[in-house]
Every structure is written in structure tokens, then in C-alpha cells.
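Asks: File follows, input.csv with CSV, C-alpha atoms:
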chain,number,residue,atom,x,y,z
A,1,MET,CA,4.4,-64.1,40.6
A,2,LYS,CA,1.9,-61.6,39.4
A,3,GLY,CA,2.3,-59.9,36.0
A,4,LEU,CA,3.0,-56.4,37.3
A,5,GLU,CA,5.4,-57.7,39.9
A,6,ALA,CA,7.3,-59.8,37.3
A,7,LEU,CA,7.5,-56.7,35.0
A,8,ARG,CA,8.9,-54.6,37.9
A,9,VAL,CA,11.5,-57.3,38.8
A,10,ALA,CA,12.5,-57.6,35.1
A,11,LEU,CA,13.0,-53.8,34.8
A,12,ASP,CA,15.0,-53.7,38.0
A,13,ALA,CA,17.3,-56.5,36.6
A,14,LEU,CA,17.8,-54.5,33.4
A,15,ARG,CA,18.5,-51.3,35.3
A,16,ALA,CA,21.0,-53.0,37.5
A,17,ASN,CA,23.1,-53.8,34.4
A,18,ARG,CA,22.4,-50.7,32.3
A,19,LEU,CA,25.6,-50.8,30.1
A,20,ARG,CA,25.2,-54.5,29.4
A,21,SER,CA,21.5,-54.1,28.6
A,22,LEU,CA,22.3,-51.1,26.3
A,23,LEU,CA,25.0,-53.0,24.4
A,24,THR,CA,22.7,-56.0,24.0
A,25,MET,CA,19.9,-53.9,22.6
A,26,ILE,CA,22.2,-52.2,20.0
A,27,GLY,CA,22.1,-55.2,17.7
A,28,VAL,CA,18.3,-55.3,17.8
A,29,VAL,CA,18.1,-51.5,17.2
A,30,VAL,CA,20.4,-51.7,14.2
A,31,GLY,CA,18.6,-54.7,12.7
A,32,VAL,CA,15.1,-53.2,13.1
A,33,ALA,CA,16.2,-49.8,11.8
A,34,ALA,CA,17.9,-51.4,8.8
A,35,VAL,CA,14.8,-53.4,7.9
A,36,VAL,CA,12.6,-50.3,8.1
A,37,VAL,CA,15.0,-48.2,6.0
A,38,VAL,CA,15.4,-50.9,3.3
A,39,VAL,CA,11.7,-51.4,3.0
A,40,SER,CA,11.1,-47.7,2.9
A,41,ILE,CA,13.6,-47.2,0.1
A,42,GLY,CA,12.0,-50.0,-1.9
A,43,ALA,CA,8.6,-48.5,-1.4
A,44,GLY,CA,9.8,-45.0,-2.4
A,45,ALA,CA,11.4,-46.3,-5.5
A,46,ARG,CA,8.2,-48.2,-6.5
A,47,GLN,CA,6.1,-45.0,-5.9
A,48,GLU,CA,8.5,-42.9,-8.0
A,49,ILE,CA,8.5,-45.3,-10.9
A,50,GLU,CA,4.7,-45.5,-10.8
A,51,GLN,CA,4.5,-41.7,-11.0
A,52,GLN,CA,6.9,-41.7,-13.9
A,53,VAL,CA,5.0,-44.3,-15.8
A,54,GLU,CA,1.7,-42.6,-15.1
A,55,GLY,CA,3.3,-39.3,-16.2
A,56,LEU,CA,3.7,-40.7,-19.7
A,57,GLY,CA,-0.1,-40.4,-20.1
A,58,SER,CA,-3.2,-42.3,-18.9
A,59,ASN,CA,-4.5,-45.5,-20.4
A,60,LEU,CA,-1.5,-45.7,-22.7
A,61,ILE,CA,-0.6,-48.7,-24.9
A,62,LEU,CA,2.7,-48.8,-26.7
A,63,VAL,CA,2.7,-51.0,-29.9
A,64,VAL,CA,6.1,-52.1,-31.0
A,65,PRO,CA,7.5,-54.8,-33.3
A,66,GLY,CA,9.0,-58.0,-31.7
A,67,GLU,CA,8.4,-59.7,-28.4
A,68,ALA,CA,8.9,-57.2,-25.6
A,69,THR,CA,8.3,-57.1,-21.9
A,70,THR,CA,9.4,-53.5,-21.3
A,71,VAL,CA,9.2,-50.3,-23.2
A,72,GLY,CA,11.4,-50.3,-26.3
A,73,ALA,CA,11.6,-51.2,-29.9
A,74,PRO,CA,14.1,-53.2,-32.0
A,75,THR,CA,16.5,-51.5,-34.4
A,76,VAL,CA,14.7,-52.7,-37.5
A,77,SER,CA,11.0,-52.3,-37.8
A,78,ARG,CA,8.5,-53.3,-40.5
A,79,LEU,CA,5.9,-50.9,-39.2
A,80,ARG,CA,4.9,-48.1,-41.6
A,81,ARG,CA,2.7,-45.0,-41.2
A,82,ALA,CA,-0.1,-46.9,-42.9
A,83,ASP,CA,-0.3,-49.3,-40.0
A,84,GLY,CA,-1.4,-46.4,-37.9
A,85,LEU,CA,-4.6,-46.1,-39.9
A,86,LEU,CA,-5.2,-49.8,-39.2
A,87,LEU,CA,-4.8,-49.2,-35.5
A,88,ALA,CA,-7.0,-46.2,-35.6
A,89,ARG,CA,-9.8,-48.3,-37.1
A,90,VAL,CA,-9.4,-50.8,-34.3
A,91,VAL,CA,-9.6,-48.0,-31.7
A,92,GLY,CA,-12.4,-46.2,-33.5
A,93,ASP,CA,-10.7,-42.8,-32.9
A,94,PRO,CA,-8.0,-41.5,-35.4
A,95,GLY,CA,-6.8,-39.0,-32.9
A,96,ALA,CA,-6.0,-41.7,-30.3
A,97,VAL,CA,-3.0,-43.1,-32.3
A,98,THR,CA,0.4,-41.4,-32.8
A,99,ALA,CA,3.5,-42.8,-34.6
A,100,ARG,CA,7.0,-42.5,-33.2
A,101,LEU,CA,10.4,-42.4,-34.8
A,102,ALA,CA,13.4,-41.3,-32.7
A,103,SER,CA,17.1,-40.6,-33.4
A,104,GLY,CA,19.9,-38.9,-31.5
A,105,GLU,CA,21.1,-35.9,-33.5
A,106,ARG,CA,23.2,-32.7,-33.1
A,107,VAL,CA,21.0,-29.6,-33.0
A,108,ARG,CA,22.4,-26.1,-33.4
A,109,ALA,CA,21.1,-22.5,-33.0
A,110,GLY,CA,23.7,-19.9,-33.9
A,111,SER,CA,26.8,-20.6,-31.9
A,112,ARG,CA,25.1,-22.9,-29.5
A,113,SER,CA,24.6,-26.6,-30.0
A,114,THR,CA,23.4,-29.7,-28.1
A,115,PHE,CA,23.1,-33.4,-28.8
A,116,THR,CA,19.5,-34.4,-28.2
A,117,THR,CA,16.7,-36.8,-29.2
A,118,VAL,CA,14.9,-35.9,-32.4
A,119,GLN,CA,11.3,-37.3,-32.2
A,120,GLY,CA,9.4,-37.8,-35.4
A,121,GLY,CA,5.7,-37.4,-34.5
A,122,ASP,CA,2.3,-36.2,-35.7
A,123,GLU,CA,-0.5,-33.9,-34.5
A,124,ASN,CA,-1.9,-36.5,-32.1
A,125,PHE,CA,1.1,-36.6,-29.8
A,126,PRO,CA,0.0,-34.0,-27.2
A,127,ARG,CA,-3.3,-35.7,-26.8
A,128,VAL,CA,-2.0,-39.3,-26.6
A,129,PHE,CA,0.8,-38.5,-24.2
A,130,ASP,CA,-0.9,-35.6,-22.4
A,131,ARG,CA,1.9,-33.1,-23.1
A,132,PRO,CA,0.8,-29.4,-22.8
A,133,LEU,CA,2.7,-26.6,-24.5
A,134,ALA,CA,4.4,-23.7,-22.8
A,135,GLU,CA,4.7,-21.5,-25.9
A,136,GLY,CA,3.5,-21.5,-29.5
A,137,GLY,CA,1.7,-24.5,-31.1
A,138,TYR,CA,2.4,-28.1,-32.0
A,139,LEU,CA,2.7,-29.9,-35.3
A,140,THR,CA,-0.4,-30.1,-37.5
A,141,GLY,CA,-1.7,-32.6,-40.0
A,142,THR,CA,-0.6,-30.3,-42.8
A,143,ASP,CA,2.9,-30.1,-41.4
A,144,VAL,CA,3.1,-33.9,-41.5
A,145,ASP,CA,1.5,-34.3,-45.0
A,146,THR,CA,3.7,-31.6,-46.6
A,147,ARG,CA,6.9,-32.6,-44.8
A,148,ARG,CA,7.4,-29.1,-43.4
A,149,ARG,CA,10.7,-28.3,-41.6
A,150,VAL,CA,9.2,-27.1,-38.4
A,151,ALA,CA,10.1,-28.1,-34.9
A,152,VAL,CA,8.8,-28.1,-31.3
A,153,LEU,CA,11.4,-28.0,-28.6
A,154,GLY,CA,11.5,-29.6,-25.2
A,155,ALA,CA,12.0,-27.2,-22.3
A,156,ARG,CA,15.6,-28.2,-21.6
A,157,THR,CA,16.6,-28.1,-25.2
A,158,ALA,CA,15.0,-24.7,-25.6
A,159,THR,CA,17.0,-23.3,-22.7
A,160,ARG,CA,20.3,-24.9,-23.9
A,161,LEU,CA,19.9,-23.4,-27.4
A,162,PHE,CA,18.3,-20.0,-26.7
A,163,GLY,CA,18.7,-19.3,-23.0
A,164,ASP,CA,16.0,-17.0,-21.7
A,165,ALA,CA,15.1,-15.8,-25.2
A,166,ASP,CA,11.8,-16.7,-26.8
A,167,PRO,CA,12.7,-19.5,-29.3
A,168,VAL,CA,9.4,-19.4,-31.2
A,169,GLY,CA,10.0,-18.2,-34.8
A,170,ARG,CA,13.8,-18.8,-34.5
A,171,GLN,CA,15.8,-21.1,-36.8
A,172,ILE,CA,17.6,-24.2,-35.7
A,173,THR,CA,19.7,-26.8,-37.6
A,174,VAL,CA,19.0,-30.5,-37.2
A,175,ALA,CA,21.5,-32.9,-38.8
A,176,GLY,CA,22.4,-30.1,-41.3
A,177,SER,CA,18.8,-29.1,-42.2
A,178,ARG,CA,17.2,-25.9,-41.1
A,179,PHE,CA,14.0,-25.9,-39.1
A,180,ARG,CA,11.7,-23.2,-37.8
A,181,VAL,CA,10.7,-23.4,-34.1
A,182,ILE,CA,6.9,-23.2,-33.8
A,183,GLY,CA,6.5,-24.2,-30.1
A,184,VAL,CA,8.0,-25.2,-26.8
A,185,LEU,CA,6.6,-28.1,-24.7
A,186,ALA,CA,5.9,-27.5,-21.0
A,187,GLU,CA,8.5,-28.9,-18.6
A,188,GLN,CA,7.9,-32.6,-17.9
A,189,GLY,CA,10.9,-33.9,-15.9
A,190,GLU,CA,12.6,-37.3,-16.0
A,191,SER,CA,11.1,-40.7,-16.7
A,192,PHE,CA,13.3,-43.8,-15.9
A,193,GLY,CA,16.3,-41.5,-15.7
A,194,VAL,CA,15.8,-40.0,-19.1
A,195,SER,CA,14.8,-36.3,-19.4
A,196,GLN,CA,11.6,-35.8,-21.4
A,197,ASP,CA,12.5,-32.2,-21.8
A,198,ASP,CA,15.7,-32.8,-23.8
A,199,GLU,CA,14.2,-33.5,-27.2
A,200,VAL,CA,13.1,-31.9,-30.5
A,201,HIS,CA,9.8,-32.9,-32.2
A,202,VAL,CA,9.5,-32.7,-36.0
A,203,PRO,CA,6.9,-34.1,-38.4
A,204,ILE,CA,7.4,-37.8,-38.8
A,205,THR,CA,7.5,-37.6,-42.6
A,206,THR,CA,10.2,-35.0,-42.3
A,207,ALA,CA,12.1,-37.2,-39.8
A,208,GLN,CA,11.9,-40.1,-42.2
A,209,ARG,CA,13.3,-38.1,-45.1
A,210,LEU,CA,16.0,-36.7,-42.8
A,211,LEU,CA,17.0,-40.1,-41.7
A,212,GLY,CA,16.5,-41.8,-45.0
A,213,VAL,CA,14.0,-44.4,-43.8
A,214,ASP,CA,10.3,-45.2,-44.4
A,215,ARG,CA,9.7,-47.1,-41.2
A,216,VAL,CA,8.3,-46.0,-37.8
A,217,ASP,CA,9.6,-47.3,-34.4
A,218,GLY,CA,6.2,-47.9,-33.1
A,219,PHE,CA,2.8,-46.5,-32.2
A,220,ALA,CA,1.3,-45.1,-29.0
A,221,VAL,CA,-2.4,-45.6,-28.5
A,222,ARG,CA,-4.6,-44.0,-25.9
A,223,ALA,CA,-7.5,-46.2,-24.8
A,224,PRO,CA,-10.9,-44.6,-24.1
A,225,ASP,CA,-10.7,-45.7,-20.4
A,226,ALA,CA,-8.8,-47.9,-18.0
A,227,ALA,CA,-11.2,-50.8,-18.2
A,228,SER,CA,-10.7,-51.2,-22.0
A,229,VAL,CA,-6.9,-51.2,-22.0
A,230,GLY,CA,-6.5,-54.9,-21.7
A,231,GLY,CA,-8.9,-55.9,-24.4
A,232,LEU,CA,-7.8,-53.1,-26.7
A,233,SER,CA,-4.2,-54.1,-26.5
A,234,ASP,CA,-5.0,-57.7,-27.6
A,235,ARG,CA,-7.1,-56.4,-30.5
A,236,LEU,CA,-4.3,-54.1,-31.6
A,237,ARG,CA,-1.7,-56.8,-31.5
A,238,ARG,CA,-3.9,-59.3,-33.4
A,239,ALA,CA,-4.7,-56.7,-36.1
A,240,LEU,CA,-1.0,-56.1,-36.8
A,241,GLN,CA,-0.3,-59.8,-36.7
A,242,GLU,CA,-2.9,-60.4,-39.4
A,243,GLU,CA,-1.4,-57.6,-41.5
A,244,HIS,CA,2.2,-58.9,-41.0
A,245,PRO,CA,1.9,-62.7,-40.4
A,246,ASP,CA,5.6,-63.2,-40.2
A,247,GLU,CA,6.4,-60.5,-37.7
A,248,PRO,CA,5.6,-60.7,-34.0
A,249,PHE,CA,4.2,-57.6,-32.2
A,250,SER,CA,3.8,-56.5,-28.7
A,251,ALA,CA,1.2,-54.2,-27.1
A,252,ILE,CA,2.6,-53.0,-23.8
A,253,THR,CA,0.4,-51.4,-21.3
A,254,GLN,CA,1.4,-49.3,-18.3
A,255,THR,CA,0.1,-52.0,-16.0
A,256,GLN,CA,2.5,-54.5,-17.5
A,257,VAL,CA,5.4,-52.2,-17.2
A,258,LEU,CA,4.6,-51.5,-13.6
A,259,GLY,CA,4.1,-55.2,-12.9
A,260,VAL,CA,7.5,-56.2,-14.3
A,261,ILE,CA,9.3,-53.4,-12.5
A,262,GLY,CA,7.3,-53.9,-9.3
A,263,ASP,CA,8.2,-57.6,-9.3
A,264,VAL,CA,11.9,-56.8,-9.7
A,265,LEU,CA,11.8,-54.1,-7.0
A,266,GLY,CA,9.8,-56.4,-4.7
A,267,LEU,CA,12.4,-59.2,-5.0
A,268,LEU,CA,15.3,-56.9,-4.5
A,269,THR,CA,13.7,-55.3,-1.5
A,270,SER,CA,13.0,-58.7,0.0
A,271,VAL,CA,16.6,-59.8,-0.5
A,272,LEU,CA,18.0,-56.6,1.1
A,273,ALA,CA,15.5,-56.8,4.0
A,274,ALA,CA,16.6,-60.4,4.6
A,275,ILE,CA,20.2,-59.3,4.6
A,276,ALA,CA,19.4,-56.5,7.0
A,277,GLY,CA,17.5,-59.0,9.1
A,278,ILE,CA,20.7,-61.0,9.7
A,279,SER,CA,21.7,-58.3,12.2
A,280,LEU,CA,18.5,-59.1,14.1
A,281,LEU,CA,19.7,-62.7,14.3
A,282,VAL,CA,23.1,-61.5,15.6
A,283,GLY,CA,21.3,-59.3,18.1
A,284,GLY,CA,19.3,-62.4,19.2
A,285,VAL,CA,22.4,-64.4,19.8
A,286,GLY,CA,23.7,-61.5,21.9
A,287,VAL,CA,20.5,-61.5,23.9
A,288,SER,CA,20.8,-65.3,24.5
A,289,ASN,CA,24.4,-64.9,25.6
A,290,ILE,CA,23.7,-62.1,28.0
A,291,MET,CA,20.7,-63.9,29.5
A,292,LEU,CA,22.9,-67.1,30.1
A,293,VAL,CA,25.4,-64.9,31.9
A,294,SER,CA,22.5,-63.4,33.9
A,295,VAL,CA,21.3,-66.8,34.9
A,296,ARG,CA,24.8,-67.7,36.0
A,297,GLU,CA,25.2,-64.5,38.1
A,298,ARG,CA,21.8,-64.9,39.8
A,299,THR,CA,22.0,-68.6,40.7
A,300,ARG,CA,21.5,-68.0,44.4
A,301,GLU,CA,18.6,-65.7,43.7
A,302,ILE,CA,16.9,-68.4,41.7
A,303,GLY,CA,17.5,-71.0,44.4
A,304,LEU,CA,16.0,-68.7,47.1
A,305,ARG,CA,12.9,-68.1,45.0
A,306,LYS,CA,12.4,-71.8,44.4
A,307,ALA,CA,13.0,-72.5,48.0
A,308,LEU,CA,10.2,-70.0,48.9
A,309,GLY,CA,7.8,-71.7,46.6
A,310,ALA,CA,8.4,-70.3,43.1
A,311,ARG,CA,7.5,-72.9,40.5
A,312,GLN,CA,9.7,-73.8,37.5
A,313,ARG,CA,7.3,-71.9,35.1
A,314,ASP,CA,7.5,-68.8,37.3
A,315,VAL,CA,11.3,-68.6,37.0
A,316,LEU,CA,11.1,-69.4,33.3
A,317,ALA,CA,8.6,-66.7,32.7
A,318,GLN,CA,10.7,-64.2,34.7
A,319,PHE,CA,13.8,-64.6,32.6
A,320,LEU,CA,11.8,-64.9,29.4
A,321,LEU,CA,10.2,-61.6,30.2
A,322,GLU,CA,13.6,-60.0,30.7
A,323,ALA,CA,14.7,-61.2,27.2
A,324,VAL,CA,11.5,-60.0,25.5
A,325,LEU,CA,11.8,-56.6,27.2
A,326,LEU,CA,15.4,-56.2,25.9
A,327,THR,CA,14.3,-56.9,22.3
A,328,THR,CA,11.0,-55.0,22.4
A,329,ILE,CA,12.6,-51.9,23.8
A,330,GLY,CA,15.4,-52.2,21.2
A,331,GLY,CA,12.7,-52.8,18.6
A,332,CYS,CA,10.9,-49.6,19.5
A,333,VAL,CA,14.1,-47.6,19.4
A,334,GLY,CA,15.0,-49.2,16.1
A,335,ILE,CA,11.6,-48.3,14.6
A,336,ALA,CA,12.1,-44.7,15.7
A,337,VAL,CA,15.6,-44.6,14.2
A,338,GLY,CA,14.5,-46.3,11.0
A,339,VAL,CA,11.5,-44.0,10.4
A,340,GLY,CA,13.6,-41.0,11.1
A,341,ALA,CA,16.4,-42.1,8.8
A,342,SER,CA,13.8,-42.9,6.0
A,343,VAL,CA,12.3,-39.4,6.3
A,344,ALA,CA,15.8,-37.8,6.3
A,345,LEU,CA,16.8,-39.8,3.2
A,346,ASP,CA,13.7,-38.8,1.3
A,347,ARG,CA,14.1,-35.1,2.1
A,348,LEU,CA,17.9,-34.7,2.1
A,349,SER,CA,19.1,-37.2,-0.5
A,350,PRO,CA,18.2,-38.2,-4.0
A,351,LEU,CA,17.1,-41.6,-2.7
A,352,PRO,CA,13.3,-41.8,-2.5
A,353,ALA,CA,11.9,-43.3,0.6
A,354,ALA,CA,8.3,-43.9,1.8
A,355,VAL,CA,7.6,-45.6,5.1
A,356,GLU,CA,5.2,-48.5,4.7
A,357,TRP,CA,2.8,-48.8,7.7
A,358,TRP,CA,3.4,-52.5,8.0
A,359,SER,CA,7.2,-52.4,8.1
A,360,PRO,CA,7.5,-51.0,11.7
A,361,VAL,CA,4.7,-53.4,12.8
A,362,VAL,CA,6.6,-56.4,11.3
A,363,ALA,CA,9.9,-55.2,12.6
A,364,PHE,CA,8.4,-54.9,16.1
A,365,ALA,CA,6.8,-58.3,15.9
A,366,VAL,CA,10.1,-59.8,14.7
A,367,SER,CA,12.1,-58.2,17.5
A,368,ALA,CA,9.6,-59.6,20.1
A,369,ALA,CA,9.9,-63.0,18.4
A,370,VAL,CA,13.6,-62.8,18.6
A,371,GLY,CA,13.4,-62.1,22.3
A,372,ILE,CA,11.1,-65.1,22.8
A,373,THR,CA,13.2,-67.4,20.6
A,374,PHE,CA,16.6,-66.6,22.0
A,375,GLY,CA,15.3,-66.2,25.6
A,376,VAL,CA,13.8,-69.6,25.9
A,377,LEU,CA,17.1,-71.5,26.4
A,378,PRO,CA,18.4,-69.3,29.2
A,379,ALA,CA,15.0,-69.2,30.8
A,380,ARG,CA,14.6,-73.0,30.7
A,381,ARG,CA,18.1,-73.3,32.2
A,382,ALA,CA,17.1,-71.0,35.1
A,383,GLY,CA,13.8,-72.8,35.6
A,384,ARG,CA,15.4,-76.3,35.9
A,385,LEU,CA,18.0,-75.3,38.5
A,386,ASP,CA,17.8,-77.4,41.7
A,387,PRO,CA,17.1,-75.0,44.6
A,388,VAL,CA,19.6,-76.8,46.9
A,389,VAL,CA,22.4,-76.6,44.3
A,390,ALA,CA,21.4,-73.1,43.4
A,391,LEU,CA,21.6,-71.9,47.0
A,392,ARG,CA,25.1,-73.4,47.4
A,393,GLY,CA,26.0,-71.3,44.3
A,394,ASP,CA,27.4,-74.4,42.4
Could I get this structure in the form of C-alpha cells?
Replies:
Amino acid sequence: MKGLEALRVALDALRANRLRSLLTMIGVVVGVAAVVVVVSIGAGARQEIEQQVEGLGSNLILVVPGEATTVGAPTVSRLRRADGLLLARVVGDPGAVTARLASGERVRAGSRSTFTTVQGGDENFPRVFDRPLAEGGYLTGTDVDTRRRVAVLGARTATRLFGDADPVGRQITVAGSRFRVIGVLAEQGESFGVSQDDEVHVPITTAQRLLGVDRVDGFAVRAPDAASVGGLSDRLRRALQEEHPDEPFSAITQTQVLGVIGDVLGLLTSVLAAIAGISLLVGGVGVSNIMLVSVRERTREIGLRKALGARQRDVLAQFLLEAVLLTTIGGCVGIAVGVGASVALDRLSPLPAAVEWWSPVVAFAVSAAVGITFGVLPARRAGRLDPVVALRGD
């Protein structure tokens, strides 16, 4: 039987049992759509995290005490401001290193108050983290050296404390001490679920005195270019290790953060996609079952074809083609449903979703493979029927 004729006969057979064919394809549609949606959500989450990490600043290295694989610092740190001078010598640029000291504190302005993150920093912060200002100015080296009580507000903190009023020049109270607002940072958004706009920046020396400590949580270093990040991070870590032989240190790059998170997201997406793919297996079992029923119903037809000269492989190919058609049509519909659902999720829900070009291709290939795999048994059974027995309808 020629290819076009076989295709016509297969389509006629599917049209003759429209409801049965439709119900059989539903399992394939659901499985393919689920795989496309799950992969899209995983890709969307990965892209959003990459944007958040890159939003912290380019070519960034976070130097913290202890062994660490993600951004963070232990409660007790042996790092001091003087260690920043050591790191600046390694980098060769004093303006590329900024110290960090953070604490959660109650901040008040008149009758309004909010609990926010108080960041102790220095004049290098805007350059290292690429944070522009919306109003006023940022901390200066003189502010740090003289422990001035001046503050720069994040955009959300400024709104909570002053509403629509201009906060520059106003007074706020941080942990019982008065500060004068000298600037407001431009709105930045969230990073890893934490708002970067809900914070107050004060000179790190003032923060140390306010908190009664002389340590710093860590340092952020901006490398000259992307190519030098890896080598520079190793040199920074070794320099601190030589200065503090008994204390381990970590120099965490954005690439390392993205690598760890990407591996976790990739594994999670693969597991979820495999779970979603189980419905494809169920759909394949349904295809096999329906094709076995079809072989049983069309026993006389098979016998007549073989009596007229059809070979075993012709009959096998005919029923295998019907099974593949069921799954490929279901796969195409499933891809359309999955892509549409992914776009709708991305636009209408907080879940990020990005359709990867390869996921519909893989889903289509898998659906076709399911048709071949689960169509072989019924097709072989049809091809092995004895024409005499088949014509009797036994």
C-alpha cells in the first residue's frame, strides 16, 4: 500500500470512531502540555533569578568569612574595616571595595515607623553595586571617617516614612539615635524575594557604634571585567587567609551563585517534567488498548486485505500509522495548549514562565515515540492474523 493511500485509510479509520479517538488523544494532550508548562516555569524561574543576580551589579565578588556556597555571612565575623584596605591593594583600586554591616532595626519619622534593614556602608557602595540615587547624595568618605549621623533611604522606606513628601533634609530615628536624611536611592525591586528598596544606609563606622561592634559582615568587590573575576576571587581569598590563618574565607562570584541555583532548578524541573511525563505513559497505554480493540473489530477487514495480497508488513504498517497519528495529533494539540498556558501564566500570574524552543520539539518527538512504542503490539497482532481465520471472524 502506498504511503498516501495508507495515510488516507488511517485517517478514515480515526474519523469513523471520532469520540474514541478524541478520548484516546486526551491523555497524550495532557501529558505533552504538562511537560511544556513545567519546563517553561523552570526556564522562567531561572531567567528571573539570573536577572536578580545580575541586578546586584556586574562582575561582583562577595567576600565573607567561613565556608559558603551561597550569598550570606555567619553571625560572628573576624573581618574588620582594615581588611578592606588589604583587598583594595589586591584589586588595585580602592574604590572597587565596599564594606557591609547589616542589622534589622526600627526606624521612625514623626508618628510613622517601620522595621527595616539598616546597612552600614561607605562611599564606594553606589559604584560597586551600581545603585543610582533618585534624590540627594550618598555617603562620603568624610561621613565615614567622622561617624556622622546621616542616612540614605531606600525607595520603599522613604515612602513608608514620608509618603509623597521630600525626605531629604528631614530627621529620622534609628534605634533611638537621630539621623539626617541626605539622599534616596532609586527604586531597585526585589532580589531573591527580599526588597532592595526597604533599607536605610548609614556610615559603617556609625553603624558599628550604634550596634556596639567593631566587625564587618563582609566585603563586596567589583572586578575590572568579567574575565578577571575568577582569578581575582582566588587572590582575594588567599590574601585574607594569609592575614587570618585560622579563619576560612569565601569569595563568592555571581557565576557560582547562578551555578548552584541553576543546578537546583534544573534538577527540580527534570523531576517535575518526569512526573508530568507519566501522563504520557498513561496515554500510551490508552493508545495500545484502543488499537487492540480496533484490531479485534476489524478482523474481517484484515483477512480480506491479506487474501487480496496484502503482506504482513503492510498490515503492520497500517495499524502502526494509525497509532502514530493518534499520538502526533495529540502531541500537536498538547504543544499548543502548553505554549498557550505558559504565556498565560507568565502574563496573568506571579509565576514566571519562558517557553524553551526545545521543549515542544522534545514533547512532539516523545509523543510520536509513544505512538510507535505502544502501537507495535497491536500492529504486530494484526499483521500475524491468518487470513482464513480472520475472514471467518474468529
Asks: Residues of range 283-359 of chain A that have any atom at most 8 Å from an atom of range 11-21 of chain A: could you tabulate them with the shortest-distance atom pair and the distance in Å to one decimal, using all atoms listed in the file, ordered by chain and increasing number, as a Markdown table?
Replies:
| residue | atom | partner | partner_atom | distance |
| --- | --- | --- | --- | --- |
| A:Ile290 | CA | A:Arg20 | CA | 7.9 |
| A:Glu322 | CA | A:Leu14 | CA | 7.4 |
| A:Leu326 | CA | A:Ser21 | CA | 7.0 |
Asks: At a cut-off of 10 Å, using all atoms listed in the file, what residues contact Pro126 in chain A? Leave out same-chain residues fewer than 6 positions from it and give the result as a PyMOL selection string.
Replies: chain A and resi 57+98+132-133+138-139+185
Asks: Just checking: using all atoms listed in the file, which residue out of A:Thr299, A:Ser288, A:Thr205, A:Thr116 ends up closest to Val150 in chain A?
Replies: A:Thr205
Asks: Here is a test: counting only C-alpha atoms, which residue of A:Ala344, A:Leu316, A:Val355, A:Ala151 is nearest to Ile372 in chain A?
Replies: A:Leu316
Asks: Given all atoms listed in the file as the basis, pick out the residue of A:Thr253, A:Phe319, A:Leu281, A:Leu265 nearest to Gly44 in chain A.
Replies: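 Once distances to Gly44 in chain A are computed over all atoms listed in the file, the minimum belongs to A:Leu265.
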Asks: Within 9 Å of range 62-64 of chain A, counting only C-alpha atoms, which residues qualify if same-chain residues fewer than 2 places away don't, as a list in words?
Replies: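 The residues satisfying every condition are Leu60, Gly66, Glu67, Ala68, Val71, Gly72, Ala73, Pro74, Ser77, Leu79, Asp217, Gly218, Phe219, Ala220, Val221, Arg222, Ser233, Leu236, Arg237, Phe249, Ser250, Ala251, Ile252, Thr253 and Gln254 of chain A.
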Asks: Any idea what's packed within 9 Å of Val202 in chain A, counting all atoms listed in the file, ignoring anything in its chain fewer than 6 positions away? Could you give it as number ranges by chain?
Replies: A: 118-122, 139, 143-144, 148-153, 179
Asks: Could you state the separation of CA of Asp145 in chain A and CA of Pro224 in chain A in Å, given to one decimal place?
Replies: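 These atoms are spaced 26.4 Å apart.
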Asks: As an exercise, work out the distance from CA of Gly42 in chain A to CA of Val337 in chain A in Å and give it to one decimal place.
Replies: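 Interatomic distance, CA of Gly42 in chain A to CA of Val337 in chain A: 17.4 Å.
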Asks: Quick check, in Å to one decimal: how far apart do CA of Ala109 in chain A and CA of Thr140 in chain A lie?
Replies: 23.2 Å
Asks: Tell me which of A:Ala227, A:Leu22, A:Val107, A:Cys332 sits closest to Pro360 in chain A, counting only C-alpha atoms.
Replies: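 Going through A:Ala227, A:Leu22, A:Val107, A:Cys332 one by one, the smallest distance to Pro360 in chain A is for A:Cys332.
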Asks: Using all atoms listed in the file, can you tell me which of A:Gln47, A:Gln196, A:Thr24, A:Gln188 comes closest to Ile261 in chain A?
Replies: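 Among A:Gln47, A:Gln196, A:Thr24, A:Gln188, it is A:Gln47 that comes nearest to Ile261 in chain A.
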Asks: Determine, counting all atoms listed in the file, which protein, DNA and RNA residues have an atom within 8 Å of an atom of Ile41 in chain A; residues of the same chain fewer than 3 positions away are not included. Present the result as a CSV table (one decimal) with C-alpha atoms, in the coordinates of the input.
Replies:
chain,number,residue,atom,x,y,z
A,37,VAL,CA,15.0,-48.2,6.0
A,38,VAL,CA,15.4,-50.9,3.3
A,44,GLY,CA,9.8,-45.0,-2.4
A,45,ALA,CA,11.4,-46.3,-5.5
A,342,SER,CA,13.8,-42.9,6.0
A,351,LEU,CA,17.1,-41.6,-2.7
A,352,PRO,CA,13.3,-41.8,-2.5
A,353,ALA,CA,11.9,-43.3,0.6
A,354,ALA,CA,8.3,-43.9,1.8
A,355,VAL,CA,7.6,-45.6,5.1
Asks: Please identify all polymer residues within 9 Å of Ala226 in chain A, counting all atoms listed in the file, omitting same-chain residues fewer than 3 positions from it, and present them as a ChimeraX atom specification.
Replies: /A:58-60,223,229-230
Asks: Please check which residues have atoms at most 10 Å from (21.3, -43.4, -32.0) in the file's coordinates, counting all atoms listed in the file, and write them as a VMD selection string.
Replies: chain A and resid 75 102 to 105 116 to 118
